[in-house]
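> Below you will find the structure I want to go over with you.
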Amino acid sequence: MASSSDASASHGSTPESPVSGSATDGPDRRGRVRLRRAAVMAVPATAVAAGLMILTAQGALGVQFAISGMPFTVTATELNGTGFEQFGNLDNMAEDSPNAGDTGGQVLVVTSAIKNATLTKLCQSVDLGGTNLLITAGSGADKVQASNLTTDSTELSGDAAFDNIEIGNDASTLSKAGVQGNKGVFSQQADTVHIANLRQTNYATTAAVFKLPGLKLRFSDQGC
């Protein structure tokens, strides 16, 4: 997980700016892009209906990099945050990425943002094929701390509670975490968020400040 500074727009990989017009753009590819654009509208609503809330989003440092296309797992026994936002978005891989498969190099994600967050027993792992790169922190008395924390996720779960939640906002009008999404995109925000037994599948994470007490990085046969 990692990065951010105030940016009022979400990252460069938005439904507004897919690559088009190249010689390889056929009807099938254009059709996939249009479907992804439409799907972005419904992603956060689906997450709410399933009771799945997370720790992340497109934020103050918004994701400005091309994602690798390799998902990674993040877990925490507890997350507490102030200033929460969530909306749908698209992430882009580097051109000709070997991880693109049949996605066209785009990943539909749920982008979430938390202005200030603390996490207990943070674990992050990425499957490298035969082994996992494992990172842990915050297992002692000191908790992991982050400001302007953002994450783009395809799966998320946990037991969540919110204070003063607003559901159905236009993503361009969000104000709780200092981040805005694209106009016309469904979103939600809350004053505070609490998530127990957090688990995410992420493609990108950023934070302005990220403090990891008791940090340990190692290779392991098992992930988080």
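We label chains A, B, ... in the order they appear in the structure tokens, count residues from 1 in each chain, and number ligands from 1 in the order shown.
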Contacts of range 69-74 of chain A at 7 Å or less, counting only C-alpha atoms, minus same-chain residues fewer than 2 places along, as an mmCIF file with C-alpha atoms, in the first residue's frame?


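Listed below is the output, out15.cif:
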```
data_model
loop_
_atom_site.group_PDB
_atom_site.id
_atom_site.type_symbol
_atom_site.label_atom_id
_atom_site.label_comp_id
_atom_site.auth_asym_id
_atom_site.auth_seq_id
_atom_site.Cartn_x
_atom_site.Cartn_y
_atom_site.Cartn_z
ATOM 1 C CA ILE A 67 -0.922 -0.129 -12.514
ATOM 2 C CA MET A 93 -2.141 -0.751 -17.073
ATOM 3 C CA ASN A 99 -1.066 -8.842 -17.384
ATOM 4 C CA ALA A 100 -3.739 -7.229 -19.584
ATOM 5 C CA CYS A 123 -1.080 -7.363 6.334
ATOM 6 C CA GLN A 124 -0.347 -6.998 2.617
ATOM 7 C CA SER A 125 0.645 -9.803 0.248
ATOM 8 C CA VAL A 126 1.141 -10.267 -3.491
ATOM 9 C CA ARG A 199 -10.145 -7.733 3.636
ATOM 10 C CA GLN A 200 -9.482 -6.249 0.196
ATOM 11 C CA THR A 201 -8.219 -7.194 -3.239
ATOM 12 C CA ASN A 202 -6.464 -4.052 -4.484
ATOM 13 C CA TYR A 203 -4.770 -2.846 -7.645
ATOM 14 C CA CYS A 224 -2.612 -12.653 4.122
#
```

> Extract, using only C-alpha atoms, all DNA, RNA and protein residues at most 8 Å from Lys115 in chain A, discarding same-chain residues fewer than 2 positions from it, and format them as a PDB file with N, CA, C and O atoms, in the first residue's frame.


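Dumped everything to part-v5.pdb:
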```pdb
ATOM      1  N   GLY A  81     -11.512   5.488  10.659  1.00  0.00           N
ATOM      2  CA  GLY A  81     -11.157   6.629   9.834  1.00  0.00           C
ATOM      3  C   GLY A  81     -12.142   7.776   9.959  1.00  0.00           C
ATOM      4  O   GLY A  81     -13.301   7.587  10.327  1.00  0.00           O
ATOM      5  N   THR A  82     -11.651   8.969   9.649  1.00  0.00           N
ATOM      6  CA  THR A  82     -12.496  10.155   9.557  1.00  0.00           C
ATOM      7  C   THR A  82     -12.414  10.688   8.138  1.00  0.00           C
ATOM      8  O   THR A  82     -11.340  10.739   7.547  1.00  0.00           O
ATOM      9  N   GLY A  83     -13.575  11.076   7.595  1.00  0.00           N
ATOM     10  CA  GLY A  83     -13.636  11.562   6.234  1.00  0.00           C
ATOM     11  C   GLY A  83     -13.554  10.432   5.239  1.00  0.00           C
ATOM     12  O   GLY A  83     -12.475  10.070   4.780  1.00  0.00           O
ATOM     13  N   PHE A  84     -14.709   9.834   4.883  1.00  0.00           N
ATOM     14  CA  PHE A  84     -14.749   8.655   4.016  1.00  0.00           C
ATOM     15  C   PHE A  84     -15.528   8.969   2.741  1.00  0.00           C
ATOM     16  O   PHE A  84     -16.594   9.588   2.790  1.00  0.00           O
ATOM     17  N   ALA A 113     -11.747   6.652  -0.346  1.00  0.00           N
ATOM     18  CA  ALA A 113     -10.760   7.575   0.245  1.00  0.00           C
ATOM     19  C   ALA A 113     -11.069   7.796   1.715  1.00  0.00           C
ATOM     20  O   ALA A 113     -12.231   7.918   2.096  1.00  0.00           O
ATOM     21  N   ALA A 117      -6.686   7.757   8.891  1.00  0.00           N
ATOM     22  CA  ALA A 117      -7.040   6.383   9.251  1.00  0.00           C
ATOM     23  C   ALA A 117      -6.004   5.768  10.170  1.00  0.00           C
ATOM     24  O   ALA A 117      -4.817   6.101  10.101  1.00  0.00           O
ATOM     25  N   SER A 147      -2.662   9.247   6.267  1.00  0.00           N
ATOM     26  CA  SER A 147      -3.482  10.395   5.905  1.00  0.00           C
ATOM     27  C   SER A 147      -3.676  10.403   4.401  1.00  0.00           C
ATOM     28  O   SER A 147      -2.795   9.969   3.656  1.00  0.00           O
ATOM     29  N   ASN A 148      -4.836  10.874   3.962  1.00  0.00           N
ATOM     30  CA  ASN A 148      -5.192  10.857   2.537  1.00  0.00           C
ATOM     31  C   ASN A 148      -4.971   9.459   1.947  1.00  0.00           C
ATOM     32  O   ASN A 148      -4.363   9.303   0.885  1.00  0.00           O
ATOM     33  N   LEU A 149      -5.476   8.472   2.645  1.00  0.00           N
ATOM     34  CA  LEU A 149      -5.312   7.075   2.231  1.00  0.00           C
ATOM     35  C   LEU A 149      -6.288   6.750   1.104  1.00  0.00           C
ATOM     36  O   LEU A 149      -7.470   7.070   1.183  1.00  0.00           O
ATOM     37  N   LYS A 176     -16.030  15.033   1.931  1.00  0.00           N
ATOM     38  CA  LYS A 176     -15.570  14.535   3.231  1.00  0.00           C
ATOM     39  C   LYS A 176     -14.077  14.236   3.290  1.00  0.00           C
ATOM     40  O   LYS A 176     -13.463  14.371   4.348  1.00  0.00           O
ATOM     41  N   ALA A 177     -13.483  13.810   2.169  1.00  0.00           N
ATOM     42  CA  ALA A 177     -12.069  13.437   2.173  1.00  0.00           C
ATOM     43  C   ALA A 177     -11.232  14.315   1.253  1.00  0.00           C
ATOM     44  O   ALA A 177     -10.051  14.047   1.045  1.00  0.00           O
ATOM     45  N   GLY A 178     -11.845  15.345   0.674  1.00  0.00           N
ATOM     46  CA  GLY A 178     -11.101  16.240  -0.196  1.00  0.00           C
ATOM     47  C   GLY A 178     -10.822  15.675  -1.566  1.00  0.00           C
ATOM     48  O   GLY A 178      -9.892  16.100  -2.249  1.00  0.00           O
TER      49      GLY A 178
END
```

> Looking at only C-alpha atoms, which of A:Thr111, A:Lys143, A:Ala204, A:Asn116 is the one that sits closest to Gln188 in chain A?

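Answer, going by the shortest atom-to-atom distance: A:Thr111.
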
> Which residues, written as a list in words, have at least one atom at most 8 Å from Lys121 in chain A, with only C-alpha atoms counted and residues fewer than 6 positions away on the same chain left out?

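Once the nearby chain positions are removed, what remains is Thr75, Ala76, Thr77, Glu78, Thr136, Ala137, Gly138, Ser139, Gly140, Lys143 and Val144 of chain A.
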
> Just write the chosen residues, N, CA, C and O atoms, as an mmCIF file, in the first residue's frame.


```cif
data_model
loop_
_atom_site.group_PDB
_atom_site.id
_atom_site.type_symbol
_atom_site.label_atom_id
_atom_site.label_comp_id
_atom_site.auth_asym_id
_atom_site.auth_seq_id
_atom_site.Cartn_x
_atom_site.Cartn_y
_atom_site.Cartn_z
ATOM 1 N N THR A 75 -5.301 -6.932 4.498
ATOM 2 C CA THR A 75 -6.201 -7.236 5.607
ATOM 3 C C THR A 75 -5.826 -6.401 6.823
ATOM 4 O O THR A 75 -4.682 -5.939 6.949
ATOM 5 N N ALA A 76 -6.781 -6.209 7.714
ATOM 6 C CA ALA A 76 -6.549 -5.553 8.999
ATOM 7 C C ALA A 76 -7.644 -6.011 9.948
ATOM 8 O O ALA A 76 -8.794 -6.212 9.525
ATOM 9 N N THR A 77 -7.299 -6.202 11.208
ATOM 10 C CA THR A 77 -8.324 -6.615 12.171
ATOM 11 C C THR A 77 -9.274 -5.473 12.482
ATOM 12 O O THR A 77 -10.434 -5.702 12.838
ATOM 13 N N GLU A 78 -8.777 -4.223 12.306
ATOM 14 C CA GLU A 78 -9.644 -3.072 12.582
ATOM 15 C C GLU A 78 -9.124 -1.846 11.839
ATOM 16 O O GLU A 78 -7.924 -1.608 11.769
ATOM 17 N N THR A 136 3.899 -6.955 6.926
ATOM 18 C CA THR A 136 3.036 -6.795 8.097
ATOM 19 C C THR A 136 3.504 -5.597 8.907
ATOM 20 O O THR A 136 4.679 -5.215 8.865
ATOM 21 N N ALA A 137 2.579 -4.993 9.654
ATOM 22 C CA ALA A 137 2.890 -3.833 10.493
ATOM 23 C C ALA A 137 1.740 -3.598 11.457
ATOM 24 O O ALA A 137 0.613 -4.080 11.242
ATOM 25 N N GLY A 138 2.017 -2.854 12.527
ATOM 26 C CA GLY A 138 0.962 -2.479 13.457
ATOM 27 C C GLY A 138 0.437 -3.605 14.310
ATOM 28 O O GLY A 138 -0.720 -3.566 14.747
ATOM 29 N N SER A 139 1.269 -4.599 14.587
ATOM 30 C CA SER A 139 0.811 -5.732 15.398
ATOM 31 C C SER A 139 1.036 -5.523 16.891
ATOM 32 O O SER A 139 0.536 -6.290 17.712
ATOM 33 N N GLY A 140 1.797 -4.478 17.257
ATOM 34 C CA GLY A 140 2.068 -4.197 18.659
ATOM 35 C C GLY A 140 1.148 -3.120 19.213
ATOM 36 O O GLY A 140 0.012 -2.952 18.765
ATOM 37 N N LYS A 143 -0.353 1.546 16.290
ATOM 38 C CA LYS A 143 -1.123 1.193 15.104
ATOM 39 C C LYS A 143 -0.564 1.875 13.861
ATOM 40 O O LYS A 143 0.116 2.885 13.945
ATOM 41 N N VAL A 144 -0.873 1.302 12.717
ATOM 42 C CA VAL A 144 -0.539 1.936 11.444
ATOM 43 C C VAL A 144 -1.369 3.208 11.299
ATOM 44 O O VAL A 144 -2.564 3.215 11.600
#
```

> Choose the residue, out of A:Ile167, A:Leu134, A:Leu198, A:Phe210, that has the smallest atom-to-atom separation from Phe186 in chain A; count only C-alpha atoms.

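Of A:Ile167, A:Leu134, A:Leu198, A:Phe210, the one nearest Phe186 in chain A, counting only C-alpha atoms, is A:Ile167.
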
> Can you measure CA of Gly223 in chain A to CA of Asp127 in chain A for me? One decimal in Å is fine.

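A separation of 7.3 Å between them.
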
> Point out the residue among A:Leu128, A:Ile135, A:Leu156, A:Ala141 with the least atom-to-atom distance to Ser112 in chain A, counting only C-alpha atoms.

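Looking only at the distances to Ser112 in chain A, the closest residue turns out to be A:Leu156.
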